>>> print(open('input35.txt').read())   # compact mmCIF, C-alpha atoms
# COMPACT_ATOMS: atom_id res chain seq x y z
CA MET A 16 -24.84 10.38 1.79
CA GLN A 17 -23.46 10.25 -1.74
CA ILE A 18 -20.53 7.90 -2.29
CA ASP A 19 -18.23 10.75 -3.39
CA GLN A 20 -18.90 12.58 -0.13
CA GLN A 21 -17.60 9.82 2.11
CA THR A 22 -14.46 10.48 4.16
CA PRO A 23 -11.28 8.34 4.20
CA ASP A 24 -12.19 7.27 7.73
CA TRP A 25 -15.58 6.02 6.48
CA TYR A 26 -13.89 3.91 3.80
CA ARG A 27 -11.37 2.58 6.30
CA ALA A 28 -14.12 1.54 8.70
CA ARG A 29 -16.11 -0.02 5.87
CA TYR A 30 -13.09 -2.00 4.72
CA ASN A 31 -12.42 -3.29 8.23
CA GLN A 32 -16.05 -4.28 8.63
CA LEU A 33 -16.09 -6.28 5.40
CA ARG A 34 -12.73 -7.85 6.22
CA ASP A 35 -13.99 -9.01 9.62
CA GLN A 36 -17.14 -10.42 8.04
CA ALA A 37 -15.05 -12.33 5.52
CA LEU A 38 -12.80 -13.75 8.25
CA GLN A 39 -15.83 -14.78 10.27
CA SER A 40 -17.29 -16.46 7.19
CA GLU A 41 -14.03 -18.35 6.58
CA ASN A 42 -14.06 -19.67 10.17
CA THR A 43 -17.73 -20.63 10.20
CA VAL A 44 -18.42 -24.35 10.22
CA ARG A 45 -20.73 -24.89 7.26
CA PRO A 46 -22.96 -27.90 6.65
CA ALA A 47 -21.24 -30.44 4.47
CA ALA A 48 -22.19 -30.00 0.84
CA THR A 49 -23.64 -32.96 -1.02
CA PRO A 50 -20.78 -34.26 -3.16
CA ILE A 51 -21.15 -33.62 -6.89
CA GLU A 52 -19.90 -36.86 -8.35
CA MET A 53 -18.52 -37.45 -11.83
CA THR A 54 -19.79 -40.80 -13.05
CA GLU A 55 -18.58 -42.72 -16.09
CA ALA A 56 -21.98 -42.14 -17.70
CA SER A 57 -21.48 -38.38 -17.37
CA VAL A 58 -18.08 -38.34 -19.11
CA LEU A 59 -18.11 -36.63 -22.51
CA HIS A 60 -14.43 -36.44 -23.44
CA ARG A 61 -11.03 -37.36 -22.04
CA GLU A 62 -7.70 -35.80 -22.92
CA THR A 63 -4.10 -36.34 -21.86
CA ILE A 64 -1.99 -33.18 -21.80
CA PRO A 65 1.75 -33.93 -22.10
CA GLY A 66 4.20 -32.28 -19.76
CA GLY A 67 5.03 -28.75 -20.89
CA TRP A 68 2.22 -28.58 -23.41
CA TYR A 69 -1.18 -26.97 -23.54
CA TRP A 70 -4.72 -27.84 -24.55
CA SER A 71 -7.88 -25.87 -25.16
CA THR A 72 -11.55 -26.83 -25.28
CA PHE A 73 -15.02 -25.32 -25.30
CA VAL A 74 -17.14 -26.18 -22.27
CA PRO A 75 -20.84 -25.23 -22.54
CA ARG A 76 -22.72 -23.84 -19.56
CA GLY A 77 -23.65 -26.66 -17.20
CA GLN A 78 -20.81 -28.97 -18.15
CA ALA A 79 -17.67 -29.35 -16.03
CA LEU A 80 -13.98 -29.85 -16.60
CA ARG A 81 -12.02 -32.11 -14.25
CA LEU A 82 -8.24 -31.71 -14.11
CA ILE A 83 -6.47 -34.76 -12.68
CA ASN A 84 -2.93 -34.24 -11.43
CA THR A 85 -1.99 -37.80 -12.32
CA SER A 86 1.64 -37.74 -11.16
CA GLY A 87 1.59 -34.89 -8.66
CA ASN A 88 2.93 -32.07 -10.82
CA ASN A 89 3.62 -28.80 -9.01
CA GLY A 90 1.02 -26.75 -10.83
CA VAL A 91 -1.41 -26.84 -13.76
CA SER A 92 -2.45 -23.41 -15.04
CA VAL A 93 -5.86 -22.43 -16.41
CA MET A 94 -7.19 -19.41 -18.29
CA LEU A 95 -10.88 -18.89 -19.14
CA TRP A 96 -12.76 -16.73 -21.64
CA ASN A 97 -16.46 -16.24 -22.32
CA ALA A 98 -16.85 -18.28 -25.51
CA ASP A 99 -19.70 -16.02 -26.71
CA ASP A 100 -17.61 -12.86 -26.25
CA LEU A 101 -13.87 -13.47 -25.98
CA SER A 102 -13.28 -9.94 -24.72
CA GLU A 103 -14.64 -11.14 -21.34
CA ARG A 104 -12.08 -13.16 -19.44
CA TYR A 105 -10.97 -14.43 -16.03
CA ASN A 106 -9.99 -11.64 -13.67
CA ALA A 107 -7.71 -12.73 -10.84
CA GLY A 108 -7.99 -9.46 -8.92
CA ASP A 109 -11.79 -9.37 -8.89
CA THR A 110 -11.97 -13.08 -8.04
CA MET A 111 -9.96 -12.51 -4.88
CA LYS A 112 -11.34 -9.09 -4.01
CA LEU A 113 -15.02 -9.97 -4.38
CA GLN A 114 -14.64 -13.10 -2.23
CA TRP A 115 -12.15 -11.63 0.27
CA THR A 116 -9.82 -14.60 -0.08
CA THR A 117 -6.98 -16.05 -2.09
CA CYS A 118 -8.06 -19.58 -1.10
CA LEU A 119 -9.99 -20.67 -4.17
CA THR A 120 -11.21 -24.15 -3.44
CA THR A 121 -14.56 -25.95 -3.25
CA GLY A 122 -17.43 -23.47 -2.94
CA ARG A 123 -15.60 -20.55 -4.53
CA VAL A 124 -16.11 -19.13 -8.02
CA LEU A 125 -13.96 -17.58 -10.75
CA PHE A 126 -15.14 -14.09 -11.73
CA SER A 127 -14.77 -12.37 -15.08
CA ASP A 128 -13.75 -8.76 -15.61
CA MET A 129 -17.46 -8.02 -16.14
CA GLY A 130 -18.51 -9.08 -12.62
CA ARG A 131 -20.00 -12.34 -13.84
CA VAL A 132 -19.24 -15.91 -12.79
CA LEU A 133 -17.28 -17.85 -15.36
CA ALA A 134 -16.91 -21.09 -13.42
CA SER A 135 -17.57 -22.65 -10.01
CA VAL A 136 -15.14 -24.86 -8.10
CA ILE A 137 -17.48 -27.76 -7.33
CA GLY A 138 -14.77 -30.17 -6.21
CA ASP A 139 -11.14 -29.90 -5.14
CA SER A 140 -9.29 -32.79 -3.53
CA CYS A 141 -6.04 -30.81 -3.31
CA GLY A 142 -7.39 -27.64 -1.73
CA PHE A 143 -4.60 -25.33 -2.88
CA SER A 144 -4.35 -23.08 -5.90
CA ASP A 145 -2.49 -19.87 -6.71
CA THR A 146 -4.03 -16.84 -8.37
CA LEU A 147 -1.42 -14.34 -7.17
CA VAL A 148 1.85 -15.22 -8.89
CA GLY A 149 0.71 -16.21 -12.39
CA GLY A 150 2.13 -18.88 -14.66
CA SER A 151 5.69 -19.67 -15.68
CA THR A 152 7.57 -17.49 -18.16
CA PRO A 153 10.82 -17.73 -20.15
CA GLN A 154 12.44 -15.69 -17.38
CA SER A 155 11.26 -18.04 -14.62
CA ASN A 156 12.47 -21.05 -16.62
CA GLN A 157 15.88 -19.40 -17.07
CA ARG A 158 16.05 -18.80 -13.33
CA ASN A 159 14.78 -22.24 -12.30
CA PHE A 160 16.17 -24.52 -15.00
CA GLY A 161 18.87 -22.53 -16.79
CA SER A 162 17.00 -22.27 -20.10
CA ALA A 163 14.56 -19.66 -21.35
CA GLY A 164 13.76 -21.88 -24.34
CA LEU A 165 11.73 -24.42 -22.35
CA ARG A 166 7.97 -24.42 -22.72
CA ASN A 167 6.17 -22.08 -20.35
CA THR A 168 2.64 -21.07 -19.41
CA ARG A 169 2.80 -17.48 -20.66
CA ASN A 170 3.67 -18.57 -24.19
CA ASN A 171 1.30 -21.55 -24.06
CA LEU A 172 -1.61 -19.23 -23.25
CA ARG A 173 -0.56 -16.75 -25.93
CA LEU A 174 -0.52 -19.57 -28.49
CA THR A 175 -4.02 -20.56 -27.40
CA ALA A 176 -5.24 -16.99 -27.75
CA GLY A 177 -3.78 -16.71 -31.23
CA LYS A 178 -5.61 -19.82 -32.40
CA TYR A 179 -8.93 -18.15 -31.61
CA GLY A 180 -8.15 -14.78 -33.13
CA MET A 181 -7.11 -13.11 -29.90
CA ALA A 182 -3.95 -11.14 -29.18
CA GLN A 183 -1.40 -10.82 -26.38
CA HIS A 184 -3.57 -8.34 -24.48
CA ASP A 185 -6.33 -10.97 -24.26
CA VAL A 186 -4.19 -13.12 -21.95
CA ALA A 187 -4.50 -11.97 -18.34
CA SER A 188 -3.00 -13.47 -15.19
CA CYS A 189 -4.09 -17.11 -14.89
CA ILE A 190 -4.92 -19.38 -11.96
CA THR A 191 -2.61 -22.31 -11.19
CA PHE A 192 -4.15 -25.30 -9.46
CA PHE A 193 -2.21 -27.81 -7.34
CA SER A 194 0.00 -25.01 -5.99
CA HIS A 195 0.31 -23.87 -2.37
CA ILE A 196 1.78 -20.37 -2.10
CA SER A 197 2.26 -18.47 1.15
CA THR A 198 2.55 -14.68 1.37
CA GLN A 199 5.42 -13.59 3.61
CA ALA A 200 5.52 -10.59 5.96
CA ASP A 201 7.63 -8.63 3.47
CA GLY A 202 5.10 -9.25 0.68
CA SER A 203 7.12 -11.94 -1.09
CA PHE A 204 5.73 -15.33 -2.05
CA LYS A 205 6.95 -18.73 -0.94
CA TRP A 206 6.12 -22.25 -2.09
CA VAL A 207 4.76 -24.51 0.66
CA GLU A 208 5.85 -28.13 0.37
CA GLY A 209 3.81 -31.23 1.14
CA ASP A 210 0.32 -30.35 -0.13
CA VAL A 211 0.45 -31.53 -3.76
CA HIS A 212 -0.14 -35.26 -4.24
CA PRO A 213 -0.53 -37.60 -7.23
CA GLY A 214 -4.14 -38.20 -8.25
CA ALA A 215 -5.56 -34.97 -6.85
CA HIS A 216 -8.28 -33.37 -8.96
CA VAL A 217 -10.26 -30.17 -9.31
CA ASP A 218 -13.72 -29.81 -10.93
CA LEU A 219 -14.74 -26.54 -12.58
CA ARG A 220 -18.39 -26.17 -13.59
CA ALA A 221 -18.99 -23.77 -16.48
CA GLU A 222 -21.51 -21.07 -15.52
CA MET A 223 -21.45 -19.65 -19.05
CA ASN A 224 -20.19 -21.01 -22.35
CA LEU A 225 -16.44 -21.09 -21.87
CA LEU A 226 -13.19 -21.41 -23.73
CA PHE A 227 -10.70 -23.16 -21.44
CA ALA A 228 -6.94 -23.14 -21.88
CA VAL A 229 -4.84 -25.52 -19.78
CA SER A 230 -1.04 -25.27 -19.53
CA ASN A 231 0.83 -28.21 -18.03
CA CYS A 232 3.94 -26.40 -16.79
CA PRO A 233 5.39 -26.18 -13.26
CA HIS A 234 4.54 -23.20 -11.09
CA PRO A 235 7.37 -20.63 -11.28
CA LEU A 236 8.03 -20.94 -7.53
CA ALA A 237 7.86 -24.75 -7.40
CA PRO A 238 10.99 -26.49 -6.10
CA ASP A 239 11.40 -28.78 -9.14
CA ALA A 240 15.11 -29.53 -9.67
CA SER A 241 14.60 -30.13 -13.40
CA PHE A 242 11.96 -29.37 -16.02
CA ALA A 243 10.15 -32.70 -16.22
CA PRO A 244 6.38 -32.26 -15.77
CA ALA A 245 4.44 -35.48 -16.29
CA PRO A 246 1.19 -35.71 -18.29
CA VAL A 247 -2.07 -34.67 -16.64
CA GLU A 248 -5.61 -35.64 -17.54
CA ALA A 249 -8.57 -33.47 -18.44
CA VAL A 250 -12.11 -34.81 -18.44
CA ARG A 251 -15.12 -32.90 -19.73
CA TRP A 252 -18.32 -34.17 -18.13
CA GLN A 253 -21.98 -33.29 -17.71
CA ALA A 254 -22.56 -31.86 -14.25
CA PRO A 255 -26.02 -32.09 -12.68
CA ALA A 256 -28.11 -28.92 -12.56
CA PRO A 257 -27.32 -26.84 -9.44
CA ALA A 258 -29.69 -27.43 -6.52
CA ALA A 259 -31.36 -24.57 -4.68
CA ASP A 260 -28.74 -24.85 -1.91
CA ASP A 261 -25.79 -25.22 -4.30
CA LEU A 262 -22.70 -24.34 -2.27
CA CYS A 263 -21.05 -22.15 -4.91
CA ARG A 264 -24.23 -20.18 -5.60
CA THR A 265 -24.97 -19.54 -1.93
CA PHE A 266 -21.51 -19.25 -0.37
CA SER A 267 -21.48 -15.46 -0.20
CA GLU A 268 -23.45 -12.35 -1.11
CA GLU A 269 -20.81 -11.51 -3.70
CA ALA A 270 -21.30 -14.88 -5.37
CA ARG A 271 -25.08 -14.44 -5.41
CA ARG A 272 -24.72 -11.08 -7.15
CA GLY A 273 -22.27 -12.55 -9.63
CA PHE A 274 -24.71 -15.33 -10.51
CA ASP A 275 -27.52 -12.80 -10.89
CA ASN A 276 -25.37 -10.94 -13.41
CA THR A 277 -24.57 -14.19 -15.21
CA ASP A 278 -27.97 -15.91 -15.24
CA ILE A 279 -29.64 -12.95 -16.91
CA LEU A 280 -27.60 -13.71 -20.03
CA PHE A 281 -29.31 -17.09 -20.29
CA ALA A 282 -32.82 -16.18 -19.13
>>> encode(input="input35.txt", output="structure tokens")
Amino acid sequence: MQIDQQTPDWYRARYNQLRDQALQSENTVRPAATPIEMTEASVLHRETIPGGWYWSTFVPRGQALRLINTSGNNGVSVMLWNADDLSERYNAGDTMKLQWTTCLTTGRVLFSDMGRVLASVIGDSCGFSDTLVGGSTPQSNQRNFGSAGLRNTRNNLRLTAGKYGMAQHDVASCITFFSHISTQADGSFKWVEGDVHPGAHVDLRAEMNLLFAVSNCPHPLAPDASFAPAPVEAVRWQAPAPAADDLCRTFSEEARRGFDNTDILFA
């Protein structure tokens, strides 16, 4: 039957089937993945990002970027673009929809708006990130800290975009690592305390040539009493080539298709 001839009931049943498969996948005990270690010999560059500020870097395909939450800040935001075509960028909606989860931790990938894989989460010692709420804004700083003039993620990412010839419309909703957000029954979002610790890190392996932007500002729902984010560290390092059973490449059918779409660019 042609797709435009399907009934609403067919789509509803199909949705429920895929949802149940995703839930079953989430609850399946998977074999432990071989840790992908960052060694000192693999380190290519280190950077300290002051509290409230931003930093950008190019990460070629196959290299990785480690973000280290040195002092336990409540959130570090990231935006990604395809460095070979800056019109292709991280898409929060597709990243969640294609993987049937908002829990983007080890084994998950970050999709672009072209259905390709920008980066893989190959390590995550925190285990919590937020791709629903977005980064801080002047309005959230006014609400949280009484001043709209403080540095914020929205403006930090816009400044990054401008440096590379992009405009405001090139900055989409970002992902904020080291942030645990819970969705309430009424659809609102709530910060969950106790899951962000000093020294936690996340490793993102570039699956295409990437432009990374990192904003070191608190999550807009974080319970910080004052605007005082501490510095965080960023380390660019050479990741080993993915093995045949690489967790990120084999985690789901959606990921496999995304990698097929990506790898053809580099064949």
>>> residues_around(input="input35.txt", residues="stretch 188-192 of chain A", least_positions_apart="4", cutoff="6 Å", atoms="all atoms listed in the file", output="list in words")
Gly90, Val91, Ser92, Val93, Met94, Ser144, Asp145, Thr146 and Gly149 of chain A
>>> residues_around(input="input35.txt", residues="A:Asp278", least_positions_apart="2", cutoff="10 Å", atoms="only C-alpha atoms", output="mmCIF file with C-alpha atoms, in the coordinates of the input")
data_model
loop_
_atom_site.group_PDB
_atom_site.id
_atom_site.type_symbol
_atom_site.label_atom_id
_atom_site.label_comp_id
_atom_site.auth_asym_id
_atom_site.auth_seq_id
_atom_site.Cartn_x
_atom_site.Cartn_y
_atom_site.Cartn_z
ATOM 1 C CA ARG A 131 -20.000 -12.340 -13.840
ATOM 2 C CA VAL A 132 -19.240 -15.910 -12.790
ATOM 3 C CA GLU A 222 -21.510 -21.070 -15.520
ATOM 4 C CA MET A 223 -21.450 -19.650 -19.050
ATOM 5 C CA ARG A 272 -24.720 -11.080 -7.150
ATOM 6 C CA GLY A 273 -22.270 -12.550 -9.630
ATOM 7 C CA PHE A 274 -24.710 -15.330 -10.510
ATOM 8 C CA ASP A 275 -27.520 -12.800 -10.890
ATOM 9 C CA ASN A 276 -25.370 -10.940 -13.410
ATOM 10 C CA LEU A 280 -27.600 -13.710 -20.030
ATOM 11 C CA PHE A 281 -29.310 -17.090 -20.290
ATOM 12 C CA ALA A 282 -32.820 -16.180 -19.130
#
>>> residues_around(input="input35.txt", residues="A:Thr63", least_positions_apart="6", cutoff="9 Å", atoms="only C-alpha atoms", output="PyMOL selection string")
chain A and resi 70+246-250
>>> atom_distance(input="input35.txt", atom1="atom CA of A:His212", atom2="atom CA of A:Lys112")
28.5 Å
>>> closest_residue(input="input35.txt", among="A:Lys205, A:Arg264, A:Arg76, A:Arg169", to="A:Leu225", atoms="only C-alpha atoms")
A:Arg76
>>> residues_near_point(input="input35.txt", point="(-6.3, -25.3, -21.1)", cutoff="7 Å", atoms="only C-alpha atoms", output="number ranges by chain")
A: 69-72, 93-94, 227-230
>>> closest_residue(input="input35.txt", among="A:Cys263, A:Ala256, A:Glu52, A:Arg166", to="A:Gly67", atoms="all atoms listed in the file")
A:Arg166
>>> closest_residue(input="input35.txt", among="A:Ala243, A:Cys118, A:Ala254, A:Val148", to="A:Val74", atoms="all atoms listed in the file")
A:Ala254
>>> closest_residue(input="input35.txt", among="A:Thr265, A:Asn171, A:Ser162, A:Asn224", to="A:Leu101", atoms="all atoms listed in the file")
A:Asn224
>>> residues_around(input="input35.txt", residues="A:Thr120", least_positions_apart="2", cutoff="8 Å", atoms="all atoms listed in the file", output="VMD selection string")
chain A and resid 118 122 to 123 136 138 to 139 142 to 144
>>> closest_residue(input="input35.txt", among="A:Ala182, A:Phe242, A:Ser127, A:Met53", to="A:Ala163", atoms="only C-alpha atoms")
A:Phe242
>>> atom_distance(input="input35.txt", atom1="atom CA of A:Ser267", atom2="atom CA of A:Gly108")
17.1 Å
